[in-house]
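Right, one structure below, let's go through it.
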Protein chains: 2
Amino acid sequence: MSGALDEILSANKAYADNFGDKGNLPMPPGRRIAILTCMDARLDVGRFAGLKEGDAHVIRNAGGRASDDAIRSLIISYKLLGTQEWFVIHHSDCGMETFTNDIMHGLLLQSLETAKLEEGKWVDTGKGTGSRAGQFINFLTIQNQVQSVCDDVERIRNHPLVPRDIPIYGFIYDVKTGLLNEVAQANEIGKAK
Amino acid sequence: MSGALDEILSANKAYADNFGDKGNLPMPPGRRIAILTCMDARLDVGRFAGLKEGDAHVIRNAGGRASDDAIRSLIISYKLLGTQEWFVIHHSDCGMETFTNDIMHGLLLQSLETAKLEEGKWVDTGKGTGSRAGQFINFLTIQNQVQSVCDDVERIRNHPLVPRDIPIYGFIYDVKTGLLNEVAQANEIGKAK
């Protein structure tokens, strides 16, 4: 058995042993919130936003981007499960700022193995063959965090299946301090007057 | 200021006040794990899997499905940030089991407002106009959790940009007990012999 698998199952048993009355929580988020954020390992949304089980939908992908799939999830969150406020949270020191589509396509062409970031430049150290399939993927990289938060709020706001007046807040989480910093201009995008 | 926004910012300040040395965590996940799971509010991955900040990538969407966007995130997780084991975790009582694409397309056609589940049937209670845009979205609904975990592991396993031998474990999280139950047949899909 893998070490990681063993550790997760042990931790999960301890969690379930102290599950309390959480088994009675209903499906719709109690605080009617949905949060879209990055998959980054340093972000624990429950802890940094003070959420308990049952409080909020949490959607996460590389960058916390408003991809088609994130929008699919947000539509389900609102239309079927009644969330009323949405948060888009990107963060400082994001991996998505370290590369471009061209760089990633090139790395994947060389090998599928894990590359290394050396002096700010990705270097492929892998063996074996790469793949040309990378060129078909837009990796949704980020050049500027404020801009990416605004772009994502704007894309969600303008989607034909998003209700006109739902509040959408933009934030950048600082991985050095743990603080959420509001991107005020994002919150204003398309806001009902 | 919205109540939800105020509460999150207060909780966040308390978190940052006790941030300790977490500001020094590196970008790559320390335990080299990536977890793909559902956005469901009842799932707190950090707590139910015993993860600390910095341990693991967490990718979440409606259903925890292996969408194109989840695969984009997993490729970045492995190729640039060195994760070595992946977990696909669906869960009992998932909202994705309560509707089909046809049902959702029909509800969105009626209105954009939140529908109600009455005696197992979604009923649109919204006012205003709906949209025909729903028909262009595949909502990736689920009929059977074991099958959806297997389908998703298989899709990831067969992707041309996924390394041949990375372990991919399949689980169903039980929202009544907090326990992770392994879908053993998923783990075997495409496993290197």
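Residues in the structure tokens are named by chain (A, B, ... in the order shown) and by number from 1 within that chain; ligands are numbered from 1 in the order shown.
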
Just need the residues of chain B within 6 Å of chain A, counting only C-alpha atoms, so spit them out as number ranges by chain.
B: 8, 11-12, 15-16, 23, 29, 39-42, 44, 48-50, 53-62, 73, 79-80, 82, 113-115, 175-179

As a ChimeraX atom specification, which residues of chain A does DSSP assign to strand (DSSP E or B)?
/A:33-38,56-61,85-91,116-118,121-123,168-173,180-182

File dump, residues just selected, N, CA and C atoms, as an mmCIF file, in the first residue's frame:
```cif
data_model
loop_
_atom_site.group_PDB
_atom_site.id
_atom_site.type_symbol
_atom_site.label_atom_id
_atom_site.label_comp_id
_atom_site.auth_asym_id
_atom_site.auth_seq_id
_atom_site.Cartn_x
_atom_site.Cartn_y
_atom_site.Cartn_z
ATOM 1 N N ILE A 33 -23.027 30.212 -0.212
ATOM 2 C CA ILE A 33 -21.828 30.795 -0.808
ATOM 3 C C ILE A 33 -21.206 29.782 -1.760
ATOM 4 N N ALA A 34 -20.628 30.277 -2.874
ATOM 5 C CA ALA A 34 -19.753 29.436 -3.702
ATOM 6 C C ALA A 34 -18.428 30.173 -3.879
ATOM 7 N N ILE A 35 -17.339 29.430 -3.733
ATOM 8 C CA ILE A 35 -16.001 30.006 -3.849
ATOM 9 C C ILE A 35 -15.258 29.302 -4.975
ATOM 10 N N LEU A 36 -14.706 30.104 -5.911
ATOM 11 C CA LEU A 36 -13.864 29.565 -6.989
ATOM 12 C C LEU A 36 -12.436 29.962 -6.680
ATOM 13 N N THR A 37 -11.553 28.972 -6.518
ATOM 14 C CA THR A 37 -10.167 29.311 -6.206
ATOM 15 C C THR A 37 -9.201 28.294 -6.808
ATOM 16 N N CYS A 38 -7.919 28.502 -6.538
ATOM 17 C CA CYS A 38 -6.859 27.700 -7.153
ATOM 18 C C CYS A 38 -6.672 26.380 -6.419
ATOM 19 N N ALA A 56 -20.455 25.956 2.232
ATOM 20 C CA ALA A 56 -20.197 26.604 0.936
ATOM 21 C C ALA A 56 -19.724 25.616 -0.124
ATOM 22 N N HIS A 57 -20.116 25.850 -1.357
ATOM 23 C CA HIS A 57 -19.504 25.141 -2.483
ATOM 24 C C HIS A 57 -18.085 25.658 -2.687
ATOM 25 N N VAL A 58 -17.169 24.734 -2.964
ATOM 26 C CA VAL A 58 -15.796 25.140 -3.264
ATOM 27 C C VAL A 58 -15.380 24.511 -4.588
ATOM 28 N N ILE A 59 -15.070 25.367 -5.545
ATOM 29 C CA ILE A 59 -14.666 24.948 -6.887
ATOM 30 C C ILE A 59 -13.191 25.305 -7.034
ATOM 31 N N ARG A 60 -12.366 24.348 -7.433
ATOM 32 C CA ARG A 60 -10.926 24.644 -7.519
ATOM 33 C C ARG A 60 -10.327 24.050 -8.788
ATOM 34 N N ASN A 61 -9.462 24.813 -9.423
ATOM 35 C CA ASN A 61 -8.719 24.313 -10.579
ATOM 36 C C ASN A 61 -7.385 25.060 -10.631
ATOM 37 N N GLU A 85 -24.096 34.197 -3.298
ATOM 38 C CA GLU A 85 -22.929 35.075 -3.402
ATOM 39 C C GLU A 85 -21.743 34.235 -3.835
ATOM 40 N N TRP A 86 -20.955 34.782 -4.767
ATOM 41 C CA TRP A 86 -19.814 34.040 -5.291
ATOM 42 C C TRP A 86 -18.512 34.803 -5.052
ATOM 43 N N PHE A 87 -17.457 34.048 -4.779
ATOM 44 C CA PHE A 87 -16.123 34.615 -4.554
ATOM 45 C C PHE A 87 -15.147 34.009 -5.557
ATOM 46 N N VAL A 88 -14.380 34.861 -6.243
ATOM 47 C CA VAL A 88 -13.287 34.411 -7.112
ATOM 48 C C VAL A 88 -11.990 34.780 -6.394
ATOM 49 N N ILE A 89 -11.205 33.771 -6.022
ATOM 50 C CA ILE A 89 -10.001 34.010 -5.216
ATOM 51 C C ILE A 89 -8.761 33.446 -5.912
ATOM 52 N N HIS A 90 -7.925 34.334 -6.456
ATOM 53 C CA HIS A 90 -6.616 33.919 -6.954
ATOM 54 C C HIS A 90 -5.608 34.168 -5.825
ATOM 55 N N HIS A 91 -4.313 33.932 -6.076
ATOM 56 C CA HIS A 91 -3.370 34.085 -4.957
ATOM 57 C C HIS A 91 -1.984 34.480 -5.450
ATOM 58 N N LYS A 116 11.723 20.969 -14.135
ATOM 59 C CA LYS A 116 12.264 21.723 -12.999
ATOM 60 C C LYS A 116 12.336 23.200 -13.330
ATOM 61 N N LEU A 117 12.048 24.030 -12.322
ATOM 62 C CA LEU A 117 12.163 25.477 -12.479
ATOM 63 C C LEU A 117 13.557 25.878 -12.006
ATOM 64 N N GLU A 118 14.410 26.254 -12.957
ATOM 65 C CA GLU A 118 15.792 26.621 -12.616
ATOM 66 C C GLU A 118 16.030 28.069 -12.990
ATOM 67 N N LYS A 121 13.351 29.577 -15.059
ATOM 68 C CA LYS A 121 13.108 28.987 -16.382
ATOM 69 C C LYS A 121 12.806 27.489 -16.223
ATOM 70 N N TRP A 122 11.721 27.026 -16.848
ATOM 71 C CA TRP A 122 11.373 25.609 -16.787
ATOM 72 C C TRP A 122 12.299 24.803 -17.690
ATOM 73 N N VAL A 123 12.884 23.736 -17.123
ATOM 74 C CA VAL A 123 13.796 22.874 -17.862
ATOM 75 C C VAL A 123 13.286 21.448 -17.772
ATOM 76 N N ILE A 168 -20.561 39.087 -7.062
ATOM 77 C CA ILE A 168 -19.351 38.305 -7.343
ATOM 78 C C ILE A 168 -18.171 39.124 -6.826
ATOM 79 N N TYR A 169 -17.509 38.624 -5.790
ATOM 80 C CA TYR A 169 -16.393 39.347 -5.182
ATOM 81 C C TYR A 169 -15.070 38.788 -5.683
ATOM 82 N N GLY A 170 -14.095 39.684 -5.905
ATOM 83 C CA GLY A 170 -12.765 39.261 -6.350
ATOM 84 C C GLY A 170 -11.731 39.465 -5.259
ATOM 85 N N PHE A 171 -10.882 38.456 -5.048
ATOM 86 C CA PHE A 171 -9.851 38.529 -4.017
ATOM 87 C C PHE A 171 -8.532 37.930 -4.510
ATOM 88 N N ILE A 172 -7.450 38.408 -3.893
ATOM 89 C CA ILE A 172 -6.154 37.740 -4.042
ATOM 90 C C ILE A 172 -5.701 37.318 -2.641
ATOM 91 N N TYR A 173 -5.470 36.029 -2.482
ATOM 92 C CA TYR A 173 -4.996 35.485 -1.204
ATOM 93 C C TYR A 173 -3.477 35.584 -1.184
ATOM 94 N N LEU A 180 -6.698 37.621 2.824
ATOM 95 C CA LEU A 180 -7.454 37.871 1.596
ATOM 96 C C LEU A 180 -7.444 39.373 1.313
ATOM 97 N N ASN A 181 -6.991 39.763 0.138
ATOM 98 C CA ASN A 181 -7.004 41.173 -0.252
ATOM 99 C C ASN A 181 -8.017 41.366 -1.374
ATOM 100 N N GLU A 182 -8.935 42.278 -1.151
ATOM 101 C CA GLU A 182 -10.028 42.475 -2.098
ATOM 102 C C GLU A 182 -9.552 43.178 -3.368
#
```

List every residue of stretch 1-119 of chain A that DSSP, applied to the backbone, labels as helix (DSSP H, G or I), and write the result as a PyMOL selection string.
chain A and resi 3-17+22-24+45-48+68-79+95-97+101-110

Using C-alpha atoms, can you export the residues from the last selection as a compact mmCIF listing (two decimals), in the first residue's frame?
```txt
# COMPACT_ATOMS: atom_id res chain seq x y z
CA GLY A 3 2.34 5.63 2.07
CA ALA A 4 0.09 8.48 0.98
CA LEU A 5 -2.93 6.20 0.68
CA ASP A 6 -2.29 4.68 4.11
CA GLU A 7 -1.90 8.09 5.75
CA ILE A 8 -5.07 9.47 4.16
CA LEU A 9 -7.12 6.44 5.20
CA SER A 10 -5.81 6.63 8.78
CA ALA A 11 -6.59 10.34 8.99
CA ASN A 12 -10.01 9.70 7.47
CA LYS A 13 -10.83 7.03 10.05
CA ALA A 14 -9.98 9.45 12.85
CA TYR A 15 -12.18 12.10 11.20
CA ALA A 16 -15.12 9.70 10.83
CA ASP A 17 -14.72 8.57 14.46
CA LYS A 22 -22.44 16.19 10.37
CA GLY A 23 -24.18 13.19 8.77
CA ASN A 24 -27.42 15.17 8.93
CA VAL A 45 -10.28 27.33 1.95
CA GLY A 46 -12.14 25.94 4.95
CA ARG A 47 -9.49 27.29 7.31
CA PHE A 48 -8.63 30.62 5.65
CA ASP A 68 -16.10 26.52 -18.92
CA ASP A 69 -16.06 23.81 -16.26
CA ALA A 70 -15.99 26.29 -13.37
CA ILE A 71 -18.96 28.06 -14.96
CA ARG A 72 -20.76 24.69 -15.34
CA SER A 73 -20.26 24.19 -11.60
CA LEU A 74 -21.39 27.72 -10.68
CA ILE A 75 -24.57 27.35 -12.73
CA ILE A 76 -25.43 24.12 -10.89
CA SER A 77 -24.53 25.84 -7.61
CA TYR A 78 -27.02 28.66 -8.21
CA LYS A 79 -29.76 27.06 -10.26
CA GLY A 95 2.35 28.53 -10.47
CA MET A 96 0.22 29.79 -13.35
CA GLU A 97 2.44 32.91 -13.48
CA ASN A 101 1.05 27.99 -23.27
CA ASP A 102 4.07 27.91 -25.59
CA ILE A 103 6.41 26.91 -22.76
CA MET A 104 4.05 24.15 -21.58
CA HIS A 105 3.47 22.83 -25.08
CA GLY A 106 7.25 22.68 -25.55
CA LEU A 107 7.85 20.90 -22.25
CA LEU A 108 5.18 18.29 -22.98
CA LEU A 109 6.70 17.73 -26.42
CA GLN A 110 9.99 16.79 -24.75
```

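The gap separating atom CA of A:Gly128 from atom CA of B:Ile156 is 19.6 Å, in Å to one decimal.
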
If I take atom CA of A:Gln147 and atom CA of A:Glu188, how far is one from the other in Å, to one decimal?
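Calculated distance between atom CA of A:Gln147 and atom CA of A:Glu188 is 13.5 Å.
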